[in-house]
$ cat target-v8.cif   # mmCIF, C-alpha atoms
data_final
loop_
_atom_site.label_atom_id
_atom_site.label_comp_id
_atom_site.auth_asym_id
_atom_site.auth_seq_id
_atom_site.Cartn_x
_atom_site.Cartn_y
_atom_site.Cartn_z
CA MET A 257 -0.97 14.87 -12.46
CA LEU A 258 0.70 17.79 -10.75
CA ALA A 259 1.20 20.35 -13.47
CA SER A 260 4.51 21.63 -12.14
CA ASP A 261 6.14 18.21 -11.84
CA GLU A 262 8.27 16.54 -14.44
CA VAL A 263 7.02 13.08 -15.40
CA VAL A 264 9.57 10.38 -16.09
CA SER A 265 8.20 7.05 -17.33
CA SER A 266 9.92 3.71 -17.62
CA GLY A 267 9.20 1.95 -20.87
CA PRO A 268 8.07 -1.60 -21.59
CA ALA A 269 11.68 -2.81 -21.62
CA SER A 270 11.79 -2.37 -17.84
CA TYR A 271 8.75 -4.46 -16.89
CA ASN A 272 6.22 -6.65 -18.65
CA MET A 273 3.24 -6.30 -16.33
CA ILE A 274 3.54 -2.92 -14.63
CA LYS A 275 4.22 0.66 -15.65
CA THR A 276 6.19 3.10 -13.54
CA GLU A 277 6.60 6.85 -13.61
CA VAL A 278 7.93 9.57 -11.37
CA GLN A 279 6.20 12.88 -10.69
CA GLY A 280 8.38 15.12 -8.57
CA ARG A 281 9.11 13.12 -5.41
CA VAL A 282 6.24 10.69 -6.02
CA ALA A 283 6.63 7.33 -7.78
CA VAL A 284 3.56 5.80 -9.45
CA VAL A 285 3.38 2.04 -10.03
CA THR A 286 0.50 0.90 -12.26
CA LEU A 287 -0.52 -2.73 -12.64
CA ASN A 288 -0.79 -3.42 -16.35
CA ARG A 289 -2.28 -6.83 -17.08
CA PRO A 290 -5.60 -5.64 -18.53
CA LYS A 291 -6.79 -8.83 -20.24
CA ALA A 292 -6.62 -10.65 -16.89
CA LEU A 293 -8.03 -7.70 -14.89
CA ASN A 294 -4.60 -7.40 -13.26
CA ALA A 295 -4.82 -10.89 -11.74
CA LEU A 296 -1.81 -11.32 -9.49
CA CYS A 297 0.47 -13.93 -10.98
CA SER A 298 3.96 -14.57 -9.64
CA GLU A 299 5.68 -12.51 -12.35
CA LEU A 300 3.42 -9.53 -11.69
CA PHE A 301 4.06 -9.62 -7.96
CA HIS A 302 7.80 -9.97 -8.45
CA GLU A 303 7.71 -6.88 -10.68
CA ILE A 304 5.67 -4.95 -8.09
CA ASN A 305 8.13 -5.90 -5.38
CA ASP A 306 11.12 -5.01 -7.54
CA ALA A 307 9.76 -1.58 -8.49
CA LEU A 308 8.68 -0.75 -4.93
CA ALA A 309 12.06 -1.81 -3.53
CA LYS A 310 13.92 0.40 -6.01
CA PHE A 311 11.75 3.40 -5.20
CA ASP A 312 12.04 2.66 -1.48
CA ASN A 313 15.83 2.94 -1.82
CA ASP A 314 15.74 6.04 -4.05
CA SER A 315 16.49 9.17 -2.00
CA ASN A 316 14.69 11.30 -4.59
CA ILE A 317 11.38 9.54 -3.87
CA GLY A 318 9.34 10.42 -0.79
CA ALA A 319 6.13 8.42 -1.32
CA ILE A 320 4.62 5.90 -3.72
CA VAL A 321 1.22 5.46 -5.38
CA LEU A 322 0.11 1.96 -6.36
CA THR A 323 -2.83 1.63 -8.76
CA GLY A 324 -4.43 -0.45 -11.51
CA SER A 325 -6.96 0.36 -14.22
CA GLU A 326 -10.39 1.98 -13.90
CA ARG A 327 -11.96 -1.47 -14.35
CA ALA A 328 -9.83 -3.35 -11.86
CA PHE A 329 -7.17 -2.58 -9.29
CA ALA A 330 -6.57 -6.34 -9.16
CA ALA A 331 -9.38 -8.86 -9.51
CA GLY A 332 -7.62 -11.52 -7.47
CA ALA A 333 -4.80 -14.03 -7.71
CA ASP A 334 -4.10 -15.94 -10.91
CA ILE A 335 -5.99 -19.14 -10.13
CA LYS A 336 -4.79 -20.94 -13.25
CA GLU A 337 -1.21 -20.48 -12.07
CA MET A 338 -1.74 -21.89 -8.57
CA LYS A 339 -4.53 -24.46 -8.93
CA ASP A 340 -2.28 -27.50 -9.40
CA THR A 341 0.37 -26.69 -6.81
CA GLU A 342 0.84 -29.08 -3.87
CA PHE A 343 1.11 -28.44 -0.13
CA ILE A 344 4.66 -29.69 0.34
CA ASP A 345 5.99 -27.50 -2.47
CA ASN A 346 4.03 -24.49 -1.25
CA TYR A 347 5.31 -25.01 2.29
CA LYS A 348 8.94 -25.51 1.28
CA SER A 349 8.94 -22.48 -1.01
CA ASN A 350 6.94 -20.32 1.44
CA PHE A 351 4.32 -19.74 -1.27
CA LEU A 352 2.90 -16.18 -1.09
CA GLY A 353 5.58 -15.21 1.42
CA HIS A 354 7.03 -12.70 -1.02
CA TRP A 355 3.54 -11.20 -1.40
CA VAL A 356 3.01 -10.64 2.29
CA GLU A 357 6.43 -9.79 3.66
CA GLN A 358 8.25 -7.48 1.28
CA ILE A 359 5.66 -4.73 0.89
CA SER A 360 5.18 -4.70 4.66
CA ARG A 361 8.87 -3.88 5.05
CA MET A 362 8.78 -0.82 2.79
CA ARG A 363 9.85 2.26 4.72
CA LYS A 364 8.21 4.87 2.50
CA PRO A 365 4.44 5.40 2.58
CA ILE A 366 2.39 3.72 -0.15
CA VAL A 367 -0.99 5.10 -1.21
CA ALA A 368 -3.27 2.60 -2.97
CA ALA A 369 -5.59 4.13 -5.57
CA VAL A 370 -8.29 1.50 -6.04
CA ASN A 371 -10.67 1.65 -8.99
CA GLY A 372 -12.99 -1.22 -9.87
CA TYR A 373 -12.41 -4.69 -8.48
CA ALA A 374 -10.10 -5.35 -5.54
CA LEU A 375 -10.96 -8.96 -4.83
CA GLY A 376 -9.03 -11.72 -3.08
CA GLY A 377 -5.35 -10.99 -3.54
CA GLY A 378 -6.27 -7.57 -4.94
CA CYS A 379 -7.99 -6.61 -1.69
CA GLU A 380 -5.04 -8.00 0.24
CA LEU A 381 -2.61 -5.99 -1.90
CA ALA A 382 -4.54 -2.79 -1.22
CA MET A 383 -4.49 -3.51 2.51
CA MET A 384 -0.71 -3.93 2.44
CA CYS A 385 -0.52 -0.23 1.56
CA ASP A 386 -0.58 2.55 4.14
CA ILE A 387 -3.49 4.61 2.80
CA ILE A 388 -6.32 3.44 0.53
CA TYR A 389 -8.25 5.82 -1.71
CA ALA A 390 -11.20 4.35 -3.61
CA GLY A 391 -12.92 5.25 -6.84
CA GLU A 392 -16.69 5.54 -6.63
CA LYS A 393 -17.16 2.13 -8.27
CA ALA A 394 -14.53 0.25 -6.26
CA VAL A 395 -15.48 -3.17 -4.89
CA PHE A 396 -13.59 -4.96 -2.11
CA GLY A 397 -14.01 -8.64 -1.28
CA GLN A 398 -12.40 -11.92 -0.20
CA PRO A 399 -14.09 -14.71 -2.25
CA GLU A 400 -11.45 -17.43 -1.69
CA ILE A 401 -13.90 -19.69 0.20
CA ASN A 402 -15.70 -20.24 -3.12
CA LEU A 403 -12.52 -21.87 -4.43
CA GLY A 404 -12.15 -24.27 -1.53
CA THR A 405 -9.44 -22.26 0.19
CA ILE A 406 -8.97 -19.18 2.38
CA PRO A 407 -7.16 -15.84 2.03
CA GLY A 408 -3.41 -16.39 2.21
CA ALA A 409 -1.84 -12.95 1.88
CA GLY A 410 -3.30 -11.14 4.86
CA GLY A 411 -7.05 -11.17 4.26
CA THR A 412 -8.04 -12.86 7.52
CA GLN A 413 -5.72 -10.58 9.51
CA ARG A 414 -5.69 -7.10 7.95
CA LEU A 415 -9.37 -7.13 6.99
CA THR A 416 -10.36 -8.01 10.56
CA HIS A 417 -8.25 -5.13 11.91
CA ALA A 418 -9.81 -2.77 9.37
CA VAL A 419 -13.52 -3.62 9.46
CA GLY A 420 -14.00 -5.67 12.64
CA LYS A 421 -14.51 -9.36 13.31
CA SER A 422 -18.20 -9.69 12.37
CA LYS A 423 -17.95 -8.03 8.96
CA ALA A 424 -14.66 -9.80 8.17
CA MET A 425 -16.23 -13.13 9.07
CA GLU A 426 -19.27 -12.38 6.91
CA MET A 427 -17.13 -11.44 3.92
CA ILE A 428 -14.64 -14.31 4.24
CA LEU A 429 -17.03 -17.11 5.21
CA THR A 430 -19.69 -16.37 2.58
CA GLY A 431 -17.31 -15.31 -0.17
CA SER A 432 -20.14 -13.26 -1.61
CA VAL A 433 -20.48 -10.22 0.65
CA ASN A 434 -18.42 -7.43 -0.89
CA LEU A 435 -17.94 -3.83 0.16
CA ASP A 436 -18.68 -0.96 -2.17
CA ALA A 437 -16.65 2.20 -1.84
CA GLN A 438 -19.04 3.94 0.53
CA GLU A 439 -19.33 1.00 2.92
CA ALA A 440 -15.56 0.52 2.82
CA LYS A 441 -15.13 4.16 3.83
CA THR A 442 -17.77 3.93 6.57
CA LEU A 443 -16.01 0.89 8.05
CA GLY A 444 -12.60 2.53 7.87
CA LEU A 445 -11.05 0.35 5.16
CA VAL A 446 -10.54 3.36 2.89
CA SER A 447 -9.81 6.98 3.72
CA ALA A 448 -11.60 8.80 0.90
CA ILE A 449 -13.67 8.28 -2.26
CA PHE A 450 -13.16 10.09 -5.56
CA PRO A 451 -14.57 9.92 -9.10
CA PRO A 452 -12.71 7.20 -11.04
CA GLU A 453 -11.17 9.65 -13.48
CA SER A 454 -9.59 11.79 -10.75
CA LEU A 455 -8.67 9.07 -8.26
CA VAL A 456 -5.02 8.64 -9.21
CA GLU A 457 -4.47 12.39 -9.36
CA GLU A 458 -5.88 12.76 -5.84
CA ALA A 459 -3.66 9.93 -4.60
CA ILE A 460 -0.63 11.64 -6.15
CA LYS A 461 -1.56 14.91 -4.44
CA THR A 462 -1.63 13.21 -1.05
CA ALA A 463 1.61 11.35 -1.76
CA ALA A 464 3.23 14.64 -2.82
CA LYS A 465 2.12 16.28 0.43
CA ILE A 466 3.67 13.40 2.39
CA ALA A 467 6.83 13.57 0.31
CA SER A 468 7.20 17.28 1.13
CA LYS A 469 7.68 16.48 4.82
CA GLY A 470 10.93 15.36 6.43
CA ALA A 471 11.64 11.84 5.25
CA VAL A 472 13.01 10.62 8.59
CA SER A 473 9.97 11.70 10.61
CA VAL A 474 7.62 10.33 7.94
CA GLN A 475 9.27 6.92 8.13
CA MET A 476 9.28 7.01 11.94
CA ALA A 477 5.58 7.93 11.99
CA LYS A 478 4.73 5.06 9.62
CA GLU A 479 6.77 2.67 11.75
CA ALA A 480 5.02 3.79 14.94
CA VAL A 481 1.51 3.47 13.50
CA ASN A 482 2.24 0.00 12.17
CA GLN A 483 3.48 -1.08 15.59
CA ALA A 484 0.00 -0.35 16.95
CA TYR A 485 -1.05 -3.63 15.28
CA GLU A 486 1.73 -5.59 16.95
CA LEU A 487 2.15 -4.23 20.49
CA SER A 488 0.09 -3.81 23.62
CA LEU A 489 -0.98 -0.24 24.39
CA SER A 490 1.69 0.28 27.04
CA SER A 491 4.42 -1.14 24.80
CA GLY A 492 3.16 0.90 21.87
CA LEU A 493 3.19 4.11 23.87
CA HIS A 494 6.74 3.38 24.98
CA TYR A 495 7.78 2.65 21.37
CA GLU A 496 6.17 5.88 20.14
CA ARG A 497 7.82 7.96 22.87
CA ARG A 498 11.27 6.59 22.02
CA LEU A 499 10.82 7.43 18.35
CA PHE A 500 9.49 10.89 19.24
CA GLN A 501 12.56 11.50 21.38
CA ALA A 502 14.79 10.25 18.56
CA THR A 503 13.44 12.91 16.19
CA PHE A 504 15.29 15.49 18.30
CA ALA A 505 18.54 14.13 16.90
CA THR A 506 17.48 15.14 13.37
CA LYS A 507 18.11 18.35 11.47
CA ASP A 508 14.50 18.35 10.28
CA GLN A 509 13.15 18.57 13.85
CA LYS A 510 15.33 21.61 14.49
CA GLU A 511 14.26 23.18 11.19
CA GLY A 512 10.56 22.36 11.63
CA MET A 513 10.26 23.78 15.12
CA SER A 514 12.40 26.80 14.29
CA ALA A 515 10.25 27.53 11.24
CA PHE A 516 7.10 27.28 13.35
CA ALA A 517 8.51 29.66 15.96
CA GLU A 518 9.65 32.08 13.25
CA LYS A 519 6.33 31.82 11.36
CA ARG A 520 7.86 30.63 8.11
CA LYS A 521 7.64 27.55 5.93
CA PRO A 522 10.15 24.84 6.88
CA SER A 523 12.83 23.68 4.48
CA PHE A 524 13.45 20.04 5.30
CA VAL A 525 16.71 18.32 4.30
CA ASN A 526 15.64 14.74 5.11
CA GLU A 527 18.30 14.37 7.77
#

$ encode --input "target-v8.cif" --output "C-alpha cells"
Amino acid sequence: MLASDEVVSSGPASYNMIKTEVQGRVAVVTLNRPKALNALCSELFHEINDALAKFDNDSNIGAIVLTGSERAFAAGADIKEMKDTEFIDNYKSNFLGHWVEQISRMRKPIVAAVNGYALGGGCELAMMCDIIYAGEKAVFGQPEINLGTIPGAGGTQRLTHAVGKSKAMEMILTGSVNLDAQEAKTLGLVSAIFPPESLVEEAIKTAAKIASKGAVSVQMAKEAVNQAYELSLSSGLHYERRLFQATFATKDQKEGMSAFAEKRKPSFVNE
C-alpha cells in the first residue's frame, strides 16, 4: 500500500467473487474464491470483466492491478462447471469468448500480481495482462491436455509468444511441465519476482508510476506494443510512427517536453 494514498474499498454487496479497492489512481481487483483456489467460473469472470470495464472507463484511474491470494492467483478453470457442456452450445455461445476478448480490449495497463498457482485459465488470465509480477512461489502451467482438451483462452498463442515454441510445446503437450517464478522470469513470461507478502505492494507501486504519466501517451504506448504481436515489422513501425506523431496533438506532449527543457517535473493533464 502507498502510505499517502486513500484506500476506497467496495464491499461484498458489489461482487460475490472479487474484491475491489482504489489507491490513488490505481484500482486493485482481487479474485476472492478461496475455497476453490480462485477457479475461474463464469460468474467470477463476468465480475472481473465488469470491474475492469468500470475502471477502464473511470477517468480517475490510470492503471489496474489484478491479483489473487498468496496460495493461488487462479488454479485454473472451473472444470465442474464446463465438463458436461456440448460443442454445438459452446460454438453458438462463443464459449470463453468473453474471457479472451474483453480484457484484451482494455485501454489502461493491467499489472498481474501472481502468487501461488497460475494454472490453465489462471495462466491465461495472467498473460492477458500487460505486465506480470510473480511471487517467489508462483507456478505457471497449462495442464489442459490431462483433461482431454487444450487451452482455450490464449494459452497456445500467448504462451508461445512469451516463452518460445519449444517450451510452450513441452508445457502444453505434457501438461506436467510447469514454470517456477525464476524460470518464468528467465524466459520473459514475468518481469520481476518479489516475496509473496510484498508482491501486491510492488505491483501497486509500478501501477502508480504508470498512472502518474500522461494517460493518452500511456494508452498509445500500450496499443503500439500490442500491435507488435499482430503486424509485420514494417507495418508495426509505420503504426508506431503514426501514433508518435499523433502525440504532438496532445497537451501532455507539450507539457512533457517543455518540462524537460526547463528542468522541472511535468504536470500532465491527461489531454

$ residues_around --input "target-v8.cif" --residues "Asn305 in chain A" --least-positions-apart "2" --cutoff "9 Å" --atoms "only C-alpha atoms" --output "tab-separated table (two decimals) with C-alpha atoms, keeping the file's coordinate frame"
chain	number	residue	atom	x	y	z
A	300	LEU	CA	3.42	-9.53	-11.69
A	301	PHE	CA	4.06	-9.62	-7.96
A	302	HIS	CA	7.80	-9.97	-8.45
A	303	GLU	CA	7.71	-6.88	-10.68
A	307	ALA	CA	9.76	-1.58	-8.49
A	308	LEU	CA	8.68	-0.75	-4.93
A	309	ALA	CA	12.06	-1.81	-3.53
A	310	LYS	CA	13.92	0.40	-6.01
A	354	HIS	CA	7.03	-12.70	-1.02
A	355	TRP	CA	3.54	-11.20	-1.40
A	358	GLN	CA	8.25	-7.48	1.28
A	359	ILE	CA	5.66	-4.73	0.89

$ residues_near_point --input "target-v8.cif" --point "(-2.3, 0.6, 1.9)" --cutoff "9 Å" --atoms "all atoms listed in the file" --output "PDB file with C-alpha atoms, in the frame of the given file"
ATOM      1  CA  LEU A 322       0.110   1.960  -6.360  1.00  0.00           C
ATOM      2  CA  PRO A 365       4.440   5.400   2.580  1.00  0.00           C
ATOM      3  CA  ILE A 366       2.390   3.720  -0.150  1.00  0.00           C
ATOM      4  CA  VAL A 367      -0.990   5.100  -1.210  1.00  0.00           C
ATOM      5  CA  ALA A 368      -3.270   2.600  -2.970  1.00  0.00           C
ATOM      6  CA  ALA A 369      -5.590   4.130  -5.570  1.00  0.00           C
ATOM      7  CA  LEU A 381      -2.610  -5.990  -1.900  1.00  0.00           C
ATOM      8  CA  ALA A 382      -4.540  -2.790  -1.220  1.00  0.00           C
ATOM      9  CA  MET A 383      -4.490  -3.510   2.510  1.00  0.00           C
ATOM     10  CA  MET A 384      -0.710  -3.930   2.440  1.00  0.00           C
ATOM     11  CA  CYS A 385      -0.520  -0.230   1.560  1.00  0.00           C
ATOM     12  CA  ASP A 386      -0.580   2.550   4.140  1.00  0.00           C
ATOM     13  CA  ILE A 387      -3.490   4.610   2.800  1.00  0.00           C
ATOM     14  CA  ILE A 388      -6.320   3.440   0.530  1.00  0.00           C
ATOM     15  CA  TYR A 389      -8.250   5.820  -1.710  1.00  0.00           C
ATOM     16  CA  VAL A 446     -10.540   3.360   2.890  1.00  0.00           C
TER      17      VAL A 446
END

$ residues_around --input "target-v8.cif" --residues "Arg414 in chain A" --least-positions-apart "2" --cutoff "12 Å" --atoms "only C-alpha atoms" --output "number ranges by chain"
A: 356, 360, 379-386, 398, 407-412, 416-421, 424, 444-445, 482, 485-486

$ closest_residue --input "target-v8.cif" --among "A:Leu499, A:Gly324, A:Ala467, A:Asp312" --to "Met273 in chain A" --atoms "only C-alpha atoms"
A:Gly324

$ residues_around --input "target-v8.cif" --residues "Ala502 in chain A" --least-positions-apart "5" --cutoff "12 Å" --atoms "all atoms listed in the file" --output "JSON, numbers by chain"
{"A": [472, 473, 476, 477, 495, 496, 497, 507, 508, 509]}

$ atom_distance --input "target-v8.cif" --atom1 "CA of Leu296 in chain A" --atom2 "CA of Lys465 in chain A"
29.6 Å

$ residues_around --input "target-v8.cif" --residues "range 451-464 of chain A" --least-positions-apart "6" --cutoff "7 Å" --atoms "all atoms listed in the file" --output "PDB file with C-alpha atoms, in the frame of the given file"
ATOM      1  CA  MET A 257      -0.970  14.870 -12.460  1.00  0.00           C
ATOM      2  CA  ARG A 281       9.110  13.120  -5.410  1.00  0.00           C
ATOM      3  CA  VAL A 282       6.240  10.690  -6.020  1.00  0.00           C
ATOM      4  CA  ALA A 319       6.130   8.420  -1.320  1.00  0.00           C
ATOM      5  CA  ILE A 320       4.620   5.900  -3.720  1.00  0.00           C
ATOM      6  CA  VAL A 321       1.220   5.460  -5.380  1.00  0.00           C
ATOM      7  CA  GLU A 326     -10.390   1.980 -13.900  1.00  0.00           C
ATOM      8  CA  VAL A 367      -0.990   5.100  -1.210  1.00  0.00           C
ATOM      9  CA  ALA A 369      -5.590   4.130  -5.570  1.00  0.00           C
ATOM     10  CA  ASN A 371     -10.670   1.650  -8.990  1.00  0.00           C
ATOM     11  CA  TYR A 389      -8.250   5.820  -1.710  1.00  0.00           C
ATOM     12  CA  GLY A 391     -12.920   5.250  -6.840  1.00  0.00           C
ATOM     13  CA  GLU A 392     -16.690   5.540  -6.630  1.00  0.00           C
TER      14      GLU A 392
END

$ atom_distance --input "target-v8.cif" --atom1 "CA of Thr430 in chain A" --atom2 "CA of Thr323 in chain A"
27.1 Å

$ atom_distance --input "target-v8.cif" --atom1 "CA of Ala283 in chain A" --atom2 "CA of Lys469 in chain A"
15.6 Å

$ resolve_selection --input "target-v8.cif" --expression "the PyMOL selection byres ((chain A and resi 525) around 9)" --output "MDAnalysis selection string"
chainID A and resid 470:471 507:508 511 523:524 526:527

$ closest_residue --input "target-v8.cif" --among "A:Gly404, A:Gly280, A:Gly372, A:Gly492" --to "Ala331 in chain A" --atoms "all atoms listed in the file"
A:Gly372

$ decode --input "target-v8.cif" --residues "range 481-492 of chain A" --atoms "all heavy atoms" --output "PDB file, in the first residue's frame"
ATOM      1  N   VAL A 481       2.637  -1.370 -28.521  1.00  0.00           N
ATOM      2  CA  VAL A 481       3.326  -2.609 -28.145  1.00  0.00           C
ATOM      3  C   VAL A 481       2.476  -3.819 -28.493  1.00  0.00           C
ATOM      4  O   VAL A 481       2.970  -4.825 -29.035  1.00  0.00           O
ATOM      5  CB  VAL A 481       3.683  -2.605 -26.643  1.00  0.00           C
ATOM      6  CG1 VAL A 481       4.213  -3.976 -26.217  1.00  0.00           C
ATOM      7  CG2 VAL A 481       4.721  -1.538 -26.336  1.00  0.00           C
ATOM      8  N   ASN A 482       1.192  -3.760 -28.218  1.00  0.00           N
ATOM      9  CA  ASN A 482       0.320  -4.894 -28.528  1.00  0.00           C
ATOM     10  C   ASN A 482       0.241  -5.167 -30.026  1.00  0.00           C
ATOM     11  O   ASN A 482       0.080  -6.315 -30.446  1.00  0.00           O
ATOM     12  CB  ASN A 482      -1.081  -4.664 -27.965  1.00  0.00           C
ATOM     13  CG  ASN A 482      -1.156  -4.929 -26.471  1.00  0.00           C
ATOM     14  OD1 ASN A 482      -0.382  -5.712 -25.936  1.00  0.00           O
ATOM     15  ND2 ASN A 482      -2.080  -4.285 -25.793  1.00  0.00           N
ATOM     16  N   GLN A 483       0.372  -4.128 -30.832  1.00  0.00           N
ATOM     17  CA  GLN A 483       0.335  -4.326 -32.280  1.00  0.00           C
ATOM     18  C   GLN A 483       1.556  -5.078 -32.787  1.00  0.00           C
ATOM     19  O   GLN A 483       1.543  -5.633 -33.890  1.00  0.00           O
ATOM     20  CB  GLN A 483       0.195  -2.987 -33.006  1.00  0.00           C
ATOM     21  CG  GLN A 483      -1.192  -2.384 -32.929  1.00  0.00           C
ATOM     22  CD  GLN A 483      -2.242  -3.279 -33.557  1.00  0.00           C
ATOM     23  OE1 GLN A 483      -2.068  -3.790 -34.659  1.00  0.00           O
ATOM     24  NE2 GLN A 483      -3.350  -3.465 -32.852  1.00  0.00           N
ATOM     25  N   ALA A 484       2.623  -5.117 -31.978  1.00  0.00           N
ATOM     26  CA  ALA A 484       3.815  -5.867 -32.381  1.00  0.00           C
ATOM     27  C   ALA A 484       3.507  -7.353 -32.530  1.00  0.00           C
ATOM     28  O   ALA A 484       4.209  -8.072 -33.247  1.00  0.00           O
ATOM     29  CB  ALA A 484       4.930  -5.662 -31.355  1.00  0.00           C
ATOM     30  N   TYR A 485       2.461  -7.829 -31.847  1.00  0.00           N
ATOM     31  CA  TYR A 485       2.049  -9.229 -31.972  1.00  0.00           C
ATOM     32  C   TYR A 485       1.216  -9.473 -33.226  1.00  0.00           C
ATOM     33  O   TYR A 485       1.025 -10.619 -33.643  1.00  0.00           O
ATOM     34  CB  TYR A 485       1.228  -9.645 -30.754  1.00  0.00           C
ATOM     35  CG  TYR A 485       2.044  -9.885 -29.513  1.00  0.00           C
ATOM     36  CD1 TYR A 485       2.250  -8.870 -28.592  1.00  0.00           C
ATOM     37  CD2 TYR A 485       2.606 -11.129 -29.265  1.00  0.00           C
ATOM     38  CE1 TYR A 485       3.002  -9.087 -27.448  1.00  0.00           C
ATOM     39  CE2 TYR A 485       3.354 -11.350 -28.125  1.00  0.00           C
ATOM     40  CZ  TYR A 485       3.554 -10.329 -27.214  1.00  0.00           C
ATOM     41  OH  TYR A 485       4.300 -10.547 -26.086  1.00  0.00           O
ATOM     42  N   GLU A 486       0.683  -8.426 -33.802  1.00  0.00           N
ATOM     43  CA  GLU A 486      -0.286  -8.578 -34.885  1.00  0.00           C
ATOM     44  C   GLU A 486       0.261  -8.204 -36.256  1.00  0.00           C
ATOM     45  O   GLU A 486      -0.211  -8.707 -37.278  1.00  0.00           O
ATOM     46  CB  GLU A 486      -1.510  -7.680 -34.607  1.00  0.00           C
ATOM     47  CG  GLU A 486      -2.115  -7.829 -33.217  1.00  0.00           C
ATOM     48  CD  GLU A 486      -2.733  -9.193 -32.981  1.00  0.00           C
ATOM     49  OE1 GLU A 486      -3.073  -9.873 -33.975  1.00  0.00           O
ATOM     50  OE2 GLU A 486      -2.876  -9.590 -31.816  1.00  0.00           O
ATOM     51  N   LEU A 487       1.257  -7.319 -36.303  1.00  0.00           N
ATOM     52  CA  LEU A 487       1.700  -6.734 -37.572  1.00  0.00           C
ATOM     53  C   LEU A 487       3.089  -7.202 -37.971  1.00  0.00           C
ATOM     54  O   LEU A 487       3.885  -7.634 -37.122  1.00  0.00           O
ATOM     55  CB  LEU A 487       1.701  -5.206 -37.456  1.00  0.00           C
ATOM     56  CG  LEU A 487       0.371  -4.542 -37.082  1.00  0.00           C
ATOM     57  CD1 LEU A 487       0.583  -3.047 -36.894  1.00  0.00           C
ATOM     58  CD2 LEU A 487      -0.687  -4.806 -38.142  1.00  0.00           C
ATOM     59  N   SER A 488       3.396  -7.093 -39.245  1.00  0.00           N
ATOM     60  CA  SER A 488       4.772  -7.281 -39.697  1.00  0.00           C
ATOM     61  C   SER A 488       5.623  -6.139 -39.159  1.00  0.00           C
ATOM     62  O   SER A 488       5.094  -5.113 -38.695  1.00  0.00           O
ATOM     63  CB  SER A 488       4.820  -7.280 -41.224  1.00  0.00           C
ATOM     64  OG  SER A 488       4.486  -5.987 -41.725  1.00  0.00           O
ATOM     65  N   LEU A 489       6.942  -6.291 -39.221  1.00  0.00           N
ATOM     66  CA  LEU A 489       7.822  -5.245 -38.695  1.00  0.00           C
ATOM     67  C   LEU A 489       7.596  -3.925 -39.407  1.00  0.00           C
ATOM     68  O   LEU A 489       7.473  -2.875 -38.770  1.00  0.00           O
ATOM     69  CB  LEU A 489       9.285  -5.668 -38.819  1.00  0.00           C
ATOM     70  CG  LEU A 489      10.316  -4.636 -38.345  1.00  0.00           C
ATOM     71  CD1 LEU A 489      10.093  -4.270 -36.885  1.00  0.00           C
ATOM     72  CD2 LEU A 489      11.737  -5.155 -38.566  1.00  0.00           C
ATOM     73  N   SER A 490       7.526  -3.937 -40.728  1.00  0.00           N
ATOM     74  CA  SER A 490       7.361  -2.679 -41.455  1.00  0.00           C
ATOM     75  C   SER A 490       6.016  -2.031 -41.128  1.00  0.00           C
ATOM     76  O   SER A 490       5.935  -0.809 -40.943  1.00  0.00           O
ATOM     77  CB  SER A 490       7.480  -2.917 -42.966  1.00  0.00           C
ATOM     78  OG  SER A 490       6.485  -3.818 -43.415  1.00  0.00           O
ATOM     79  N   SER A 491       4.958  -2.827 -41.031  1.00  0.00           N
ATOM     80  CA  SER A 491       3.648  -2.279 -40.682  1.00  0.00           C
ATOM     81  C   SER A 491       3.638  -1.777 -39.245  1.00  0.00           C
ATOM     82  O   SER A 491       3.031  -0.741 -38.939  1.00  0.00           O
ATOM     83  CB  SER A 491       2.564  -3.349 -40.870  1.00  0.00           C
ATOM     84  OG  SER A 491       2.436  -3.719 -42.226  1.00  0.00           O
ATOM     85  N   GLY A 492       4.319  -2.504 -38.358  1.00  0.00           N
ATOM     86  CA  GLY A 492       4.386  -2.077 -36.970  1.00  0.00           C
ATOM     87  C   GLY A 492       5.140  -0.771 -36.794  1.00  0.00           C
ATOM     88  O   GLY A 492       4.742   0.096 -36.012  1.00  0.00           O
TER      89      GLY A 492
END
